[in-house]
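Visitor: One file: upload_5.cif (mmCIF, C-alpha atoms).
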```
data_final
#
loop_
_atom_site.group_PDB
_atom_site.id
_atom_site.type_symbol
_atom_site.label_atom_id
_atom_site.label_comp_id
_atom_site.auth_asym_id
_atom_site.auth_seq_id
_atom_site.Cartn_x
_atom_site.Cartn_y
_atom_site.Cartn_z
ATOM 1 C CA LEU A 21 94.353 121.537 99.700
ATOM 2 C CA PRO A 22 93.768 121.061 103.435
ATOM 3 C CA SER A 23 91.081 118.605 104.505
ATOM 4 C CA LYS A 24 88.245 119.207 106.939
ATOM 5 C CA ASP A 25 87.828 116.831 109.889
ATOM 6 C CA LYS A 26 84.117 116.189 109.205
ATOM 7 C CA THR A 27 81.572 116.745 106.458
ATOM 8 C CA ALA A 28 79.323 119.798 106.791
ATOM 9 C CA ASN A 29 76.475 117.639 108.127
ATOM 10 C CA GLY A 30 78.818 115.745 110.496
ATOM 11 C CA SER A 31 77.951 112.331 109.050
ATOM 12 C CA ILE A 32 81.445 111.439 107.782
ATOM 13 C CA SER A 33 84.813 111.898 109.544
ATOM 14 C CA LEU A 34 88.403 111.769 108.355
ATOM 15 C CA GLY A 35 89.753 108.210 108.755
ATOM 16 C CA GLN A 36 86.281 106.637 108.909
ATOM 17 C CA ARG A 37 85.672 103.356 107.055
ATOM 18 C CA VAL A 38 82.776 103.607 104.625
ATOM 19 C CA LEU A 39 81.028 101.743 101.823
ATOM 20 C CA TRP A 40 80.925 103.354 98.379
ATOM 21 C CA ASN A 41 79.277 101.452 95.517
ATOM 22 C CA GLY A 42 79.674 98.242 97.532
ATOM 23 C CA LYS A 43 83.408 98.835 98.099
ATOM 24 C CA VAL A 44 85.092 99.445 101.442
ATOM 25 C CA GLY A 45 87.270 102.527 101.720
ATOM 26 C CA SER A 46 88.838 104.877 104.244
ATOM 27 C CA VAL A 47 88.111 108.604 104.219
ATOM 28 C CA ARG A 48 91.321 110.496 103.377
ATOM 29 C CA TYR A 49 89.976 113.941 102.380
ATOM 30 C CA ILE A 50 86.870 116.065 103.015
ATOM 31 C CA GLY A 51 86.300 119.432 101.413
ATOM 32 C CA ASP A 52 86.181 121.524 98.277
ATOM 33 C CA VAL A 53 87.838 120.338 95.071
ATOM 34 C CA ARG A 54 88.797 122.161 91.893
ATOM 35 C CA PHE A 55 87.152 119.682 89.507
ATOM 36 C CA ALA A 56 83.538 120.067 90.738
ATOM 37 C CA ALA A 57 81.346 122.226 92.948
ATOM 38 C CA GLY A 58 80.357 121.278 96.474
ATOM 39 C CA GLU A 59 81.867 119.235 99.271
ATOM 40 C CA TRP A 60 83.575 115.988 98.219
ATOM 41 C CA VAL A 61 84.967 113.042 100.167
ATOM 42 C CA GLY A 62 88.228 111.444 99.016
ATOM 43 C CA LEU A 63 88.494 107.713 99.664
ATOM 44 C CA GLU A 64 91.281 105.154 99.581
ATOM 45 C CA LEU A 65 89.605 101.912 98.509
ATOM 46 C CA ALA A 66 90.693 98.675 100.151
ATOM 47 C CA ASP A 67 90.416 96.624 96.945
ATOM 48 C CA GLY A 68 92.415 98.892 94.631
ATOM 49 C CA ASN A 69 89.663 99.420 92.041
ATOM 50 C CA GLY A 70 89.857 103.212 92.214
ATOM 51 C CA MET A 71 90.685 105.867 89.664
ATOM 52 C CA HIS A 72 93.713 107.782 90.981
ATOM 53 C CA ASP A 73 96.329 108.223 93.728
ATOM 54 C CA GLY A 74 94.589 111.102 95.515
ATOM 55 C CA SER A 75 95.516 113.631 92.809
ATOM 56 C CA VAL A 76 93.005 114.808 90.207
ATOM 57 C CA MET A 77 93.877 117.031 87.253
ATOM 58 C CA GLY A 78 97.270 117.868 88.743
ATOM 59 C CA VAL A 79 95.958 118.806 92.215
ATOM 60 C CA SER A 80 96.910 116.594 95.176
ATOM 61 C CA TYR A 81 94.120 116.211 97.742
ATOM 62 C CA PHE A 82 95.443 113.151 99.621
ATOM 63 C CA GLU A 83 97.986 110.373 99.081
ATOM 64 C CA CYS A 84 97.267 106.711 98.416
ATOM 65 C CA PRO A 85 98.628 103.988 96.113
ATOM 66 C CA ALA A 86 97.830 104.316 92.403
ATOM 67 C CA ALA A 87 94.312 103.204 91.361
ATOM 68 C CA LYS A 88 93.013 103.145 94.949
ATOM 69 C CA GLY A 89 91.615 106.688 95.157
ATOM 70 C CA VAL A 90 88.105 107.935 94.353
ATOM 71 C CA PHE A 91 85.950 110.937 95.197
ATOM 72 C CA ALA A 92 82.308 110.714 96.238
ATOM 73 C CA GLN A 93 79.696 112.889 97.880
ATOM 74 C CA SER A 94 78.712 112.044 101.453
ATOM 75 C CA ALA A 95 75.190 110.993 100.380
ATOM 76 C CA GLN A 96 76.806 108.139 98.388
ATOM 77 C CA LEU A 97 78.553 106.712 101.465
ATOM 78 C CA MET A 98 77.446 104.367 104.231
ATOM 79 C CA GLU A 99 79.265 103.750 107.484
ATOM 80 C CA VAL A 100 80.964 100.366 107.758
ATOM 81 C CA THR A 101 79.959 98.570 110.943
ATOM 82 C CA ALA A 102 82.184 96.061 112.707
ATOM 83 C CA GLY A 103 80.197 93.119 111.348
ATOM 84 C CA ALA A 104 80.250 94.450 107.803
ATOM 85 C CA VAL A 105 83.988 95.182 107.419
ATOM 86 C CA GLY A 106 85.010 91.634 106.574
ATOM 87 C CA ALA A 107 81.827 90.774 104.747
ATOM 88 C CA ALA A 108 81.272 93.876 102.639
ATOM 89 C CA THR A 109 84.184 93.855 100.262
ATOM 90 C CA THR A 110 82.330 93.564 96.953
ATOM 91 C CA ALA A 111 79.050 94.788 95.529
ATOM 92 C CA ASP A 112 77.695 91.225 95.729
ATOM 93 C CA GLU A 113 78.290 91.172 99.489
ATOM 94 C CA ALA A 114 77.358 94.749 100.471
ATOM 95 C CA PRO A 115 74.768 94.877 103.255
ATOM 96 C CA ALA A 116 71.454 96.561 102.524
ATOM 97 C CA THR A 117 70.838 99.093 105.294
ATOM 98 C CA LEU A 118 67.993 101.096 103.755
ATOM 99 C CA PRO A 119 64.563 99.700 102.888
ATOM 100 C CA SER A 120 64.339 99.247 99.144
ATOM 101 C CA LYS A 121 61.510 98.818 96.686
ATOM 102 C CA GLU A 122 61.475 95.517 94.812
ATOM 103 C CA ALA A 123 61.248 97.181 91.396
ATOM 104 C CA THR A 124 60.953 100.569 89.746
ATOM 105 C CA SER A 125 57.379 101.828 89.266
ATOM 106 C CA GLU A 126 57.544 101.224 85.504
ATOM 107 C CA GLY A 127 59.089 97.767 86.030
ATOM 108 C CA THR A 128 62.293 98.534 84.098
ATOM 109 C CA PHE A 129 64.621 97.536 86.952
ATOM 110 C CA SER A 130 64.318 95.104 89.854
ATOM 111 C CA LEU A 131 66.475 94.197 92.849
ATOM 112 C CA GLY A 132 69.211 91.736 91.986
ATOM 113 C CA GLN A 133 68.990 92.464 88.254
ATOM 114 C CA GLU A 134 72.309 92.551 86.388
ATOM 115 C CA VAL A 135 72.778 95.865 84.546
ATOM 116 C CA MET A 136 75.395 97.667 82.452
ATOM 117 C CA TRP A 137 76.416 101.254 83.203
ATOM 118 C CA LYS A 138 79.151 103.040 81.269
ATOM 119 C CA GLY A 139 80.422 99.673 80.041
ATOM 120 C CA ASN A 140 80.612 98.137 83.547
ATOM 121 C CA LYS A 141 78.468 95.295 84.894
ATOM 122 C CA GLY A 142 76.605 95.875 88.101
ATOM 123 C CA ILE A 143 73.766 94.519 90.200
ATOM 124 C CA VAL A 144 70.775 96.592 91.321
ATOM 125 C CA ARG A 145 70.989 96.748 95.121
ATOM 126 C CA TYR A 146 68.666 99.650 95.973
ATOM 127 C CA ILE A 147 65.565 101.228 94.435
ATOM 128 C CA GLY A 148 64.032 104.239 96.089
ATOM 129 C CA ASP A 149 64.462 107.831 97.138
ATOM 130 C CA VAL A 150 67.944 109.180 97.882
ATOM 131 C CA ARG A 151 69.051 112.106 99.955
ATOM 132 C CA ARG A 152 71.523 114.515 98.344
ATOM 133 C CA ALA A 153 74.262 116.138 100.395
#
```
Represent the structure of the file as structure tokens.
Guide:
Amino acid sequence: LPSKDKTANGSISLGQRVLWNGKVGSVRYIGDVRFAAGEWVGLELADGNGMHDGSVMGVSYFECPAAKGVFAQSAQLMEVTAGAVGAATTADEAPATLPSKEATSEGTFSLGQEVMWKGNKGIVRYIGDVRRA
């Protein structure tokens, strides 16, 4: 499927370097997909901890090496600044650009806390409101 040059809100452009879940990636596709509704952004991750090669369920959206591709929505992405490119390569090193609460209102989660999600370890880096694309 052909890619758009920019997301509908203009916040993300093809070729742009972004942060997704603390990982640096390059935007390789923007547009509709057959596996979910809405506008999606295809990324080629720098570290190779992705899920595919740009093809999902037999449909090729972009090309990248195996296990370097992921899809995300634009609200999940942050622009990589020149100072952050070298430093922000893992979740432990990702810069915090939005103000965050220290803990959830019920106290279940706090910043820096190690958590498990779908069998994967992670660290809480942000608590607060999010904006959906």
Visitor: Evaluate the PyMOL selection byres ((chain A and resi 145) around 8) here and jot the selected residues down as a PyMOL selection string.
Guide: chain A and resi 116+131-132+143-144+146-147
Visitor: Under the PyMOL selection byres ((chain A and resi 64-68) around 6), which residues of this model are included? Write them out as a list in words.
Guide: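 So the PyMOL selection byres ((chain A and resi 64-68) around 6), applied here, picks out Val44, Gly45, Ser46, Leu63, Asn69, Gly70, Ala87, Lys88 and Gly89 of chain A.
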Visitor: Can you work out the spacing between atom CA of A:Lys26 and atom CA of A:Val79 in Å, to one decimal?
Guide: 20.9 Å
Visitor: Measuring atom to atom with only C-alpha atoms, identify which of A:Thr27, A:Thr124, A:Gln93, A:Ser80 is nearest to A:Asn41.
Guide: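 Between A:Thr27, A:Thr124, A:Gln93, A:Ser80, the residue approaching A:Asn41 most closely is A:Gln93.
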Visitor: Could you tell me how far atom CA of A:Pro22 lies from atom CA of A:Phe82, in Å and to one decimal?
Guide: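 Interatomic distance, atom CA of A:Pro22 to atom CA of A:Phe82: 8.9 Å.
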Visitor: Choose the residue, out of A:Gly142, A:Gly127, A:Gly74, A:Gly30, that has the smallest atom-to-atom separation from A:Tyr49; count all atoms listed in the file.
Guide: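 Residue with the minimum atom-to-atom distance to A:Tyr49: A:Gly74.
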Visitor: Taking the file above as input, evaluate the PyMOL selection byres ((chain A and resi 35) around 6) and report the hits as a PDB file with C-alpha atoms, in the coordinates of the input.
Guide:
```pdb
ATOM      1  CA  LEU A  34      88.403 111.769 108.355  1.00  0.00           C
ATOM      2  CA  GLN A  36      86.281 106.637 108.909  1.00  0.00           C
ATOM      3  CA  SER A  46      88.838 104.877 104.244  1.00  0.00           C
ATOM      4  CA  VAL A  47      88.111 108.604 104.219  1.00  0.00           C
TER       5      VAL A  47
END
```
